[in-house]
file query_28.txt (compact mmCIF, C-alpha atoms)
# COMPACT_ATOMS: atom_id res chain seq x y z
CA MET C 1 8.71 12.39 -4.74
CA ILE C 2 10.32 9.13 -5.87
CA ALA C 3 11.01 8.48 -2.18
CA VAL C 4 7.28 8.71 -1.44
CA LEU C 5 6.61 5.97 -3.99
CA ALA C 6 9.37 3.80 -2.54
CA LEU C 7 8.51 3.97 1.15
CA ALA C 8 6.81 0.57 1.08
CA ALA C 9 8.73 -0.64 -1.90
CA CYS C 10 9.67 -4.10 -0.77
CA GLY C 11 8.31 -6.90 1.34
CA GLY C 12 10.85 -8.18 3.87
CA GLY C 13 11.89 -11.51 5.20
CA GLY C 14 14.75 -13.89 4.74
CA GLY C 15 16.00 -15.80 1.75
CA ASP C 16 15.14 -19.39 0.90
CA THR C 17 15.99 -21.64 3.84
CA SER C 18 14.06 -24.67 2.59
CA ASP C 19 15.86 -27.89 1.65
CA GLU C 20 13.41 -28.30 -1.23
CA VAL C 21 12.95 -26.35 -4.42
CA ASN C 22 9.15 -26.58 -4.46
CA ALA C 23 8.35 -23.89 -1.89
CA PRO C 24 6.54 -20.55 -2.26
CA PHE C 25 8.51 -17.67 -3.77
CA GLN C 26 10.50 -16.21 -0.89
CA SER C 27 9.87 -12.60 0.09
CA PHE C 28 12.30 -9.71 -0.32
CA SER C 29 15.64 -10.20 1.46
CA ARG C 30 19.10 -8.63 1.63
CA THR C 31 20.09 -10.54 -1.51
CA THR C 32 17.06 -9.60 -3.63
CA VAL C 33 17.15 -7.17 -6.55
CA ALA C 34 13.80 -5.91 -7.82
CA THR C 35 13.54 -4.35 -11.26
CA MET C 36 10.97 -1.66 -12.02
CA ALA C 37 9.73 0.81 -14.60
CA VAL C 38 9.34 4.39 -13.33
CA ARG C 39 7.22 6.94 -15.18
CA THR C 40 8.57 10.47 -14.75
CA PRO C 41 6.82 13.87 -15.13
CA SER C 42 8.49 14.27 -18.54
CA GLY C 43 6.49 11.30 -19.81
CA GLU C 44 9.57 9.12 -20.12
CA THR C 45 9.90 5.68 -18.54
CA ALA C 46 13.14 4.94 -16.73
CA ALA C 47 14.43 1.51 -15.76
CA GLY C 48 15.44 1.07 -12.14
CA THR C 49 16.23 -1.29 -9.32
CA ILE C 50 15.46 -1.67 -5.62
CA ARG C 51 17.80 -3.50 -3.28
CA ILE C 52 18.99 -3.44 0.34
CA VAL C 53 22.48 -1.94 0.48
CA GLY C 54 23.17 -1.90 4.22
CA ASP C 55 21.98 -0.59 7.56
CA LYS C 56 21.33 2.89 8.93
CA VAL C 57 21.43 3.48 12.69
CA VAL C 58 19.38 6.44 13.95
CA ASN C 59 19.09 7.12 17.69
CA GLY C 60 20.23 3.58 18.49
CA ARG C 61 17.70 1.87 16.20
CA THR C 62 18.79 -0.04 13.10
CA PHE C 63 16.97 0.42 9.81
CA GLN C 64 17.67 -1.27 6.51
CA SER C 65 18.66 1.04 3.65
CA TYR C 66 16.62 0.32 0.53
CA LYS C 67 18.36 1.78 -2.50
CA VAL C 68 15.98 3.06 -5.19
CA ALA C 69 18.14 3.57 -8.28
CA LEU C 70 16.99 4.76 -11.69
CA ASP C 71 20.34 4.06 -13.33
CA PRO C 72 20.80 0.31 -13.93
CA VAL C 73 24.34 0.90 -15.21
CA ASN C 74 25.30 2.66 -11.96
CA PRO C 75 23.01 1.17 -9.28
CA GLN C 76 25.06 2.86 -6.56
CA ASN C 77 23.28 6.09 -7.50
CA GLY C 78 19.81 6.80 -6.17
CA ILE C 79 17.82 7.43 -3.02
CA GLU C 80 18.23 5.32 0.14
CA VAL C 81 15.04 4.88 2.18
CA TRP C 82 15.45 3.74 5.81
CA ILE C 83 12.93 1.04 6.76
CA ASP C 84 12.62 -1.38 9.66
CA LYS C 85 10.34 -4.23 8.60
CA GLU C 86 9.13 -5.50 11.96
CA ASP C 87 6.95 -8.30 10.58
CA GLU C 88 5.14 -9.21 7.36
CA ASP C 89 2.70 -6.31 7.72
CA THR C 90 4.54 -3.69 9.80
CA PHE C 91 6.93 -1.09 8.36
CA THR C 92 8.64 1.63 10.36
CA PHE C 93 10.25 4.56 8.50
CA GLN C 94 12.93 6.96 9.72
CA GLY C 95 13.85 8.98 6.64
CA TYR C 96 15.82 8.89 3.44
CA GLU C 97 18.99 10.17 1.84
CA GLU C 98 19.95 11.24 -1.64
CA PRO C 99 23.75 10.77 -1.42
CA GLY C 100 25.61 13.99 -2.06
CA ALA C 101 22.42 16.06 -2.17
CA MET C 102 20.03 15.84 0.77
CA THR C 103 19.25 13.93 3.97
CA VAL C 104 15.73 13.82 5.43
CA VAL C 105 15.51 12.57 9.03
CA ALA C 106 12.16 12.14 10.78
CA GLU C 107 11.59 13.56 14.25
CA ARG C 108 10.70 10.03 15.37
CA PRO C 109 10.11 6.63 13.74
CA TYR C 110 6.75 6.31 11.97
CA THR C 111 4.97 2.98 11.63
CA VAL C 112 2.55 1.91 8.89
CA ARG C 113 0.62 -1.38 8.99
CA MET C 114 -0.59 -3.27 5.94
CA ASP C 115 -3.07 -5.47 7.84
CA GLY C 116 -5.48 -2.74 8.93
CA PRO C 117 -9.22 -2.97 8.19
CA VAL C 118 -10.61 -2.31 4.72
CA GLY C 119 -12.47 0.98 4.33
CA GLU C 120 -11.23 2.67 7.52
CA PRO C 121 -9.45 6.03 6.90
CA GLU C 122 -6.00 6.46 8.46
CA THR C 123 -3.65 9.43 8.77
CA VAL C 124 0.12 9.47 9.32
CA THR C 125 1.97 12.78 9.74
CA PHE C 126 5.66 12.41 8.90
CA GLU C 127 7.55 15.34 10.47
CA ALA C 128 11.18 15.65 9.47
CA THR C 129 14.21 17.87 8.97
CA ALA C 130 15.80 18.15 5.53
CA THR C 131 19.50 19.00 5.36
CA THR C 132 21.30 20.00 2.18
CA VAL C 133 24.64 18.21 2.03
CA GLN C 134 26.68 20.93 0.25
CA THR C 135 25.57 23.88 2.39
CA GLY C 136 24.56 22.12 5.60
CA THR C 137 21.34 24.16 5.60
CA SER C 138 18.48 22.48 7.50
CA LYS C 139 14.75 23.07 7.02
CA SER C 140 11.78 21.47 8.74
CA GLY C 141 8.69 20.13 7.04
CA SER C 142 6.05 17.45 7.13
CA ALA C 143 4.23 15.02 4.88
CA VAL C 144 0.65 14.20 5.84
CA PHE C 145 -0.50 10.85 4.45
CA GLU C 146 -4.26 10.26 4.44
CA TYR C 147 -5.26 6.91 3.03
CA VAL C 148 -7.70 4.03 3.14
CA LYS C 149 -7.27 0.37 2.29
CA GLU C 150 -9.69 -0.30 -0.56
CA SER C 151 -9.10 -4.04 -0.87
CA ASP C 152 -7.26 -6.89 0.86
CA ASP C 153 -7.36 -9.21 -2.15
CA GLU C 154 -7.26 -7.40 -5.48
CA THR C 155 -6.05 -8.64 -8.84
CA VAL C 156 -3.99 -5.94 -10.54
CA GLU C 157 -2.17 -5.55 -13.86
CA THR C 158 1.58 -5.16 -13.48
CA ALA C 159 4.56 -5.14 -15.80
CA PHE C 160 4.97 -8.89 -15.21
CA GLY C 161 1.33 -9.88 -15.54
CA THR C 162 -1.72 -9.89 -13.33
CA LEU C 163 -1.09 -10.50 -9.63
CA SER C 164 -3.69 -11.67 -7.13
CA GLY C 165 -3.82 -11.30 -3.37
CA VAL C 166 -2.76 -7.64 -3.65
CA LYS C 167 -3.63 -4.99 -1.05
CA HIS C 168 -4.84 -1.72 -2.60
CA PHE C 169 -4.39 1.62 -0.82
CA ALA C 170 -5.60 5.02 -2.04
CA GLY C 171 -5.29 8.49 -0.57
CA SER C 172 -3.19 11.63 -0.69
CA VAL C 173 0.03 13.17 0.59
CA THR C 174 0.33 16.86 1.52
CA LEU C 175 3.77 18.45 1.89
CA GLN C 176 4.01 21.35 4.32
CA GLY C 177 6.62 23.54 6.01
CA GLU C 178 9.68 25.41 4.77
CA ALA C 179 11.25 22.25 3.33
CA ALA C 180 8.26 21.60 1.05
CA PRO C 181 8.74 22.57 -2.62
CA ALA C 182 6.80 25.79 -3.24
CA LEU C 183 5.07 24.35 -6.31
CA VAL C 184 3.24 21.65 -4.33
CA ALA C 185 3.31 22.94 -0.74
CA GLY C 186 -0.07 22.54 0.93
CA VAL C 187 -1.62 20.79 -2.07
CA PRO C 188 -3.05 17.26 -1.51
CA LEU C 189 -1.45 14.99 -4.10
CA GLY C 190 -3.31 11.80 -4.96
CA VAL C 191 -1.49 8.51 -4.36
CA GLU C 192 -2.44 4.90 -5.06
CA MET C 193 -0.37 1.90 -4.00
CA TRP C 194 -0.72 -1.85 -4.57
CA TYR C 195 1.16 -4.07 -2.11
CA HIS C 196 1.88 -7.78 -2.64
CA PRO C 197 2.87 -10.00 0.33
CA SER C 198 5.90 -11.49 -1.48
CA PHE C 199 7.02 -8.73 -3.85
CA GLY C 200 6.19 -5.64 -1.78
CA LEU C 201 5.05 -2.53 -3.67
CA VAL C 202 4.24 -3.77 -7.19
CA LYS C 203 2.54 -0.65 -8.47
CA SER C 204 2.07 2.99 -7.46
CA GLU C 205 0.62 6.11 -9.07
CA MET C 206 0.88 9.84 -8.34
CA PRO C 207 -1.16 11.21 -11.27
CA ASP C 208 -0.95 14.86 -10.16
CA LEU C 209 2.82 14.76 -10.71
CA GLY C 210 2.83 12.28 -13.57
CA LEU C 211 4.77 9.77 -11.46
CA GLY C 212 4.32 6.01 -11.45
CA LEU C 213 6.13 2.83 -10.48
CA ASP C 214 5.57 -0.64 -11.92
CA MET C 215 7.48 -3.69 -10.73
CA LYS C 216 8.89 -5.82 -13.58
CA GLY C 217 10.37 -8.73 -11.66
CA GLU C 218 12.75 -9.91 -8.95
CA ASN C 219 15.99 -11.85 -8.80
CA ASP C 220 17.61 -13.36 -5.70
CA CYS C 221 21.02 -15.04 -5.84
CA GLY C 222 21.18 -16.02 -2.18
CA GLU C 223 24.82 -16.57 -1.12
CA PRO C 224 26.46 -17.83 -4.33
CA MET C 225 30.03 -17.74 -2.95
CA GLN C 226 29.33 -19.44 0.38
CA LEU C 227 30.24 -23.12 0.44
CA GLY C 228 27.31 -25.47 0.95
CA TYR C 229 23.79 -25.44 -0.47
CA ASN C 230 22.37 -22.29 -2.04
CA SER C 231 19.05 -21.38 -3.65
CA ILE C 232 18.58 -18.81 -6.38
CA GLN C 233 15.21 -17.64 -7.68
CA LYS C 234 13.76 -15.28 -10.24
CA VAL C 235 10.40 -14.05 -11.52
CA GLY C 236 9.96 -12.07 -14.72
CA ILE C 237 8.17 -11.78 -18.03
CA VAL C 238 8.75 -13.34 -21.46
CA GLN C 239 7.44 -11.05 -24.19
CA PRO C 240 6.72 -11.89 -27.84
CA GLY C 241 9.95 -11.18 -29.70
CA GLY C 242 11.56 -10.16 -26.42
CA GLU C 243 14.61 -11.18 -24.44
CA MET C 244 15.19 -14.60 -22.93
CA PHE C 245 14.34 -15.26 -19.28
CA ARG C 246 17.36 -16.84 -17.61
CA LEU C 247 18.24 -18.07 -14.13
CA SER C 248 21.84 -19.24 -13.88
CA THR C 249 24.26 -20.12 -11.10
CA TYR C 250 27.06 -18.57 -13.19
CA ASP C 251 25.17 -15.29 -13.58
CA CYS C 252 24.89 -15.14 -9.79
CA SER C 253 28.47 -16.03 -8.88
CA GLY C 254 30.47 -15.16 -11.99
CA THR C 255 32.26 -18.50 -11.55
CA PHE C 256 31.73 -22.19 -12.29
CA ASN C 257 31.29 -23.18 -8.64
CA ALA C 258 28.18 -25.36 -8.79
CA ASP C 259 29.02 -28.98 -7.96
CA ARG C 260 28.60 -31.23 -11.01
CA MET C 261 28.70 -34.33 -8.76
CA THR C 262 25.68 -33.27 -6.63
CA HIS C 263 22.12 -33.14 -7.97
CA ALA C 264 20.76 -29.66 -8.65
CA LYS C 265 17.01 -29.27 -8.19
CA MET C 266 15.53 -26.94 -10.80
CA LEU C 267 11.88 -25.91 -10.99
CA LEU C 268 10.12 -23.70 -13.55
CA GLU C 269 6.56 -22.37 -13.37
CA LEU C 270 4.87 -20.64 -16.32
CA ARG C 271 1.58 -18.76 -16.53
CA PHE C 272 0.10 -16.42 -19.09
CA ALA C 273 0.47 -12.84 -17.90
CA ASP C 274 -3.03 -12.04 -19.15
CA GLU C 275 -5.69 -13.04 -16.62
CA GLU C 276 -8.18 -14.45 -19.11
CA LEU C 277 -5.59 -16.44 -21.05
CA ALA C 278 -4.24 -17.75 -17.74
CA LYS C 279 -7.64 -19.32 -17.12
CA THR C 280 -7.49 -21.39 -20.31
CA ALA C 281 -5.81 -24.75 -20.90
CA THR C 282 -3.56 -23.28 -23.61
CA GLN C 283 0.10 -24.14 -23.13
CA PRO C 284 2.37 -21.05 -23.07
CA PRO C 285 4.16 -20.66 -26.44
CA VAL C 286 7.73 -20.70 -25.16
CA ILE C 287 10.86 -22.79 -25.52
CA GLU C 288 12.25 -23.80 -22.14
CA GLU C 289 15.62 -25.44 -21.48
CA PHE C 290 17.27 -26.81 -18.34
CA GLY C 291 20.99 -27.26 -18.72
CA THR C 292 24.61 -26.75 -17.80
CA VAL C 293 27.24 -24.77 -19.70
CA VAL C 294 26.49 -26.41 -23.05
CA GLY C 295 24.48 -29.54 -22.24
CA TYR C 296 20.81 -29.84 -21.36
CA PHE C 297 18.51 -32.09 -19.34
CA PRO C 298 15.32 -33.51 -20.88
CA GLU C 299 12.02 -32.31 -19.39
CA ARG C 300 8.46 -31.47 -20.39
CA LEU C 301 5.78 -29.07 -19.26
CA LEU C 302 2.82 -30.36 -17.27
CA SER C 303 -0.28 -28.38 -16.36
CA SER C 304 -1.62 -27.82 -12.85
CA THR C 305 -4.43 -25.89 -11.22
CA VAL C 306 -2.18 -25.19 -8.22
CA SER C 307 0.71 -22.75 -8.00
CA ILE C 308 3.70 -23.76 -5.89
CA PHE C 309 5.49 -20.41 -6.11
CA HIS C 310 2.42 -18.16 -5.85
CA PRO C 311 -0.14 -19.83 -3.55
CA GLU C 312 -2.09 -16.56 -3.24
CA GLU C 313 -3.24 -17.22 -6.83
CA ASN C 314 -4.73 -20.62 -6.07
CA GLY C 315 -8.49 -20.84 -6.44
CA LYS C 316 -8.55 -18.07 -9.08
CA GLY C 317 -9.09 -20.48 -11.97
CA TYR C 318 -5.59 -20.15 -13.44
CA THR C 319 -3.64 -22.90 -15.17
CA PHE C 320 0.05 -23.17 -14.28
CA TRP C 321 2.64 -25.09 -16.29
CA TYR C 322 5.58 -26.85 -14.63
CA ALA C 323 8.85 -28.47 -15.58
CA MET C 324 11.29 -29.89 -13.03
CA VAL C 325 14.75 -31.42 -13.21
CA ASP C 326 16.65 -33.17 -10.41
CA GLN C 327 19.99 -33.98 -12.01
CA ALA C 328 23.77 -33.72 -11.79
CA ALA C 329 26.28 -33.30 -14.64
CA ARG C 330 28.55 -36.18 -13.64
CA ASN C 331 29.25 -37.26 -17.21
CA GLY C 332 30.90 -33.97 -18.13
CA SER C 333 34.64 -33.47 -18.54
CA GLY C 334 36.94 -31.21 -16.55
CA GLY C 335 36.79 -30.34 -12.89
CA ASN C 336 33.84 -30.58 -10.53
CA GLY C 337 32.77 -26.95 -10.95
CA ILE C 338 30.00 -26.21 -13.42
CA SER C 339 26.99 -23.93 -14.01
CA TYR C 340 23.29 -24.87 -13.92
CA ARG C 341 20.68 -22.81 -15.77
CA ILE C 342 16.99 -22.47 -16.64
CA GLU C 343 16.15 -20.53 -19.81
CA VAL C 344 12.83 -19.59 -21.38
CA ARG C 345 12.66 -18.11 -24.89
CA PRO C 346 9.61 -16.78 -26.74
CA ALA C 347 8.46 -18.99 -29.60
CA ASP C 348 8.28 -17.37 -33.05
CA TYR C 349 4.48 -17.65 -33.02
CA MET C 350 4.11 -16.14 -29.53
CA THR C 351 1.55 -13.32 -29.33
CA ASN C 352 0.92 -12.96 -25.57
CA ALA C 353 3.33 -12.46 -22.68
CA VAL C 354 4.10 -15.27 -20.23
CA ARG C 355 5.24 -14.93 -16.62
CA ALA C 356 8.12 -17.20 -15.63
CA THR C 357 9.16 -18.11 -12.09
CA ALA C 358 12.17 -20.33 -11.45
CA ARG C 359 14.36 -21.65 -8.66
CA ILE C 360 17.59 -23.66 -8.61
CA ARG C 361 18.93 -25.29 -5.46
CA TYR C 362 22.48 -26.58 -5.78
CA LYS C 363 25.72 -27.19 -3.93
CA VAL C 364 28.42 -24.51 -3.98
CA ILE C 365 32.02 -25.70 -4.06
CA GLU C 366 35.37 -23.98 -4.45
CA GLU C 367 36.05 -22.93 -8.02
CA ASP C 368 38.38 -25.33 -9.84
call {"tool": "encode", "arguments": {"input": "query_28.txt", "output": "structure tokens"}}
result
Amino acid sequence: MIAVLALAACGGGGGDTSDEVNAPFQSFSRTTVATMAVRTPSGETAAGTIRIVGDKVVNGRTFQSYKVALDPVNPQNGIEVWIDKEDEDTFTFQGYEEPGAMTVVAERPYTVRMDGPVGEPETVTFEATATTVQTGTSKSGSAVFEYVKESDDETVETAFGTLSGVKHFAGSVTLQGEAAPALVAGVPLGVEMWYHPSFGLVKSEMPDLGLGLDMKGENDCGEPMQLGYNSIQKVGIVQPGGEMFRLSTYDCSGTFNADRMTHAKMLLELRFADEELAKTATQPPVIEEFGTVVGYFPERLLSSTVSIFHPEENGKGYTFWYAMVDQAARNGSGGNGISYRIEVRPADYMTNAVRATARIRYKVIEED
């Protein structure tokens, strides 16, 4: 059932190809890692990740393998869902695999569009063959999805604050055939999904099974070992008394290979996670710092009614807070390799969560 929740888990697209740092948050790519909270039938909440781990070729067609892992310590574990994202609104599915346990291959590719009309019912029947890896036993079955798009522009609560411009789908899935678990075979199971154009599936609920998925943030390191310019970006939440939000070239590469002699462009956007607080002129109670390994660059937060990273939120009445640095660390000692970072810590008096979005564009050199 986790695979059902993950079918439209991520928006597609390439990484940041802009020469500037002040561009919209780039959609899901091969270098993106999404973090999520998954509610299980036991009532527990498990931490997990979604990332693209490679390609799957079925009948001559190439699909990307999206790994849905509920074990952050061992992200190689989990289900791989095969998706071909044809454009920003078109997803084609071929099946999924739980390594070492089961493979489910559809009879043909099935396409779902996110740009269909609001209020018009749609049905997709996913017919497939499930094969148990250990025994090689194959069984046929189907999943009938009946759904309707309820909204093209909804504001929804997520684990990293309210998000606007979200598409809301509601319906049911019915599992049938010999491969369907006997407990739920033939029973319509309610499903709701909220899809964001940049982040993909940000929220999903299957209340009949006690399942749910809530996106917590995304991190994209680009190509941190490839010489030349690279962009890294991250979106997440800063909670009262919680952990620090951090975007760092060292965290991405594991080396000091950012060029201290070339300016790094660093941009931070803050917004209250709560929708009503986000519409006030109150400055987020955080402590932000732009720096290198030990040094820091002076900056200050300025308010704006316009979001650079999240343009779908413009016109909603929110206030965004920005800090930007365009600096190099030429006065430092040692070789030319260094690390650039953006950090956001909760202030002691913080009582409400703040969403942080950051990007660093820098030059990658060979490690000294």
call {"tool": "closest_residue", "arguments": {"input": "query_28.txt", "among": "C:Glu243, C:Asp214, C:Asp251, C:Glu276", "to": "Met36 (chain C)", "atoms": "only C-alpha atoms"}}
result
C:Asp214
call {"tool": "residues_near_point", "arguments": {"input": "query_28.txt", "point": "(5.3, 12.4, -14.1)", "cutoff": "8 Å", "atoms": "all atoms listed in the file", "output": "PyMOL selection string"}}
result
chain C and resi 39-43+206-212
call {"tool": "residues_near_point", "arguments": {"input": "query_28.txt", "point": "(3.0, -18.2, -28.7)", "cutoff": "12 Å", "atoms": "all atoms listed in the file", "output": "ChimeraX atom specification"}}
result
/C:238-242,272,277,282-287,345-354
call {"tool": "atom_distance", "arguments": {"input": "query_28.txt", "atom1": "CA of Gly295 (chain C)", "atom2": "CA of Gln226 (chain C)"}}
result
25.2 Å
call {"tool": "atom_distance", "arguments": {"input": "query_28.txt", "atom1": "CA of Ala23 (chain C)", "atom2": "CA of Ser65 (chain C)"}}
result
27.5 Å
call {"tool": "closest_residue", "arguments": {"input": "query_28.txt", "among": "C:Gly136, C:Gly141, C:Pro197, C:Gly186", "to": "Val166 (chain C)", "atoms": "only C-alpha atoms"}}
result
C:Pro197
call {"tool": "residues_around", "arguments": {"input": "query_28.txt", "residues": "Thr90 (chain C)", "least_positions_apart": "6", "cutoff": "8 Å", "atoms": "only C-alpha atoms", "output": "MDAnalysis selection string"}}
result
chainID C and resid 111:114
call {"tool": "closest_residue", "arguments": {"input": "query_28.txt", "among": "C:Tyr318, C:Tyr96, C:Phe63, C:Tyr340", "to": "Leu247 (chain C)", "atoms": "all atoms listed in the file"}}
result
C:Tyr340
call {"tool": "closest_residue", "arguments": {"input": "query_28.txt", "among": "C:Val156, C:Leu163, C:Ala356, C:Ala273", "to": "Met244 (chain C)", "atoms": "all atoms listed in the file"}}
result
C:Ala356
call {"tool": "residues_around", "arguments": {"input": "query_28.txt", "residues": "Trp194 (chain C)", "least_positions_apart": "6", "cutoff": "9 Å", "atoms": "only C-alpha atoms", "output": "count of residues only"}}
result
12
call {"tool": "atom_distance", "arguments": {"input": "query_28.txt", "atom1": "CA of Thr280 (chain C)", "atom2": "CA of Thr319 (chain C)"}}
result
6.6 Å
call {"tool": "closest_residue", "arguments": {"input": "query_28.txt", "among": "C:Lys85, C:Val184, C:Asn257, C:Val364", "to": "Ala143 (chain C)", "atoms": "all atoms listed in the file"}}
result
C:Val184
call {"tool": "build_atoms", "arguments": {"input": "query_28.txt", "residues": "region 102-122 of chain C", "atoms": "N, CA and C atoms", "output": "CSV table (one decimal), in the frame of the given file"}}
result
chain,number,residue,atom,x,y,z
C,102,MET,N,20.9,15.5,-0.3
C,102,MET,CA,20.0,15.8,0.8
C,102,MET,C,19.8,14.6,1.7
C,103,THR,N,19.6,14.9,3.0
C,103,THR,CA,19.2,13.9,4.0
C,103,THR,C,18.0,14.4,4.7
C,104,VAL,N,17.0,13.5,4.8
C,104,VAL,CA,15.7,13.8,5.4
C,104,VAL,C,15.6,12.9,6.6
C,105,VAL,N,15.6,13.4,7.8
C,105,VAL,CA,15.5,12.6,9.0
C,105,VAL,C,14.2,12.9,9.8
C,106,ALA,N,13.4,11.9,10.1
C,106,ALA,CA,12.2,12.1,10.8
C,106,ALA,C,12.4,12.5,12.2
C,107,GLU,N,11.5,13.2,12.8
C,107,GLU,CA,11.6,13.6,14.2
C,107,GLU,C,11.5,12.3,15.1
C,108,ARG,N,10.8,11.3,14.7
C,108,ARG,CA,10.7,10.0,15.4
C,108,ARG,C,10.4,9.0,14.3
C,109,PRO,N,10.5,7.7,14.7
C,109,PRO,CA,10.1,6.6,13.7
C,109,PRO,C,8.6,6.6,13.5
C,110,TYR,N,8.2,6.4,12.3
C,110,TYR,CA,6.8,6.3,12.0
C,110,TYR,C,6.4,4.9,11.4
C,111,THR,N,5.3,4.4,12.0
C,111,THR,CA,5.0,3.0,11.6
C,111,THR,C,3.7,3.0,10.8
C,112,VAL,N,3.7,2.1,9.7
C,112,VAL,CA,2.6,1.9,8.9
C,112,VAL,C,2.3,0.4,8.9
C,113,ARG,N,1.0,0.0,9.0
C,113,ARG,CA,0.6,-1.4,9.0
C,113,ARG,C,-0.2,-1.7,7.7
C,114,MET,N,0.1,-2.8,7.1
C,114,MET,CA,-0.6,-3.3,5.9
C,114,MET,C,-1.8,-4.1,6.2
C,115,ASP,N,-2.0,-4.5,7.5
C,115,ASP,CA,-3.1,-5.5,7.8
C,115,ASP,C,-4.2,-4.8,8.5
C,116,GLY,N,-4.4,-3.5,8.4
C,116,GLY,CA,-5.5,-2.7,8.9
C,116,GLY,C,-6.8,-3.1,8.2
C,117,PRO,N,-7.9,-2.6,8.8
C,117,PRO,CA,-9.2,-3.0,8.2
C,117,PRO,C,-9.5,-2.3,6.9
C,118,VAL,N,-10.2,-2.9,6.0
C,118,VAL,CA,-10.6,-2.3,4.7
C,118,VAL,C,-11.6,-1.2,5.0
C,119,GLY,N,-11.5,-0.1,4.3
C,119,GLY,CA,-12.5,1.0,4.3
C,119,GLY,C,-12.4,1.9,5.5
C,120,GLU,N,-11.4,1.8,6.4
C,120,GLU,CA,-11.2,2.7,7.5
C,120,GLU,C,-10.1,3.7,7.3
C,121,PRO,N,-10.5,5.0,7.2
C,121,PRO,CA,-9.4,6.0,6.9
C,121,PRO,C,-8.4,6.1,8.0
C,122,GLU,N,-7.1,6.3,7.5
C,122,GLU,CA,-6.0,6.5,8.5
C,122,GLU,C,-5.2,7.7,8.0
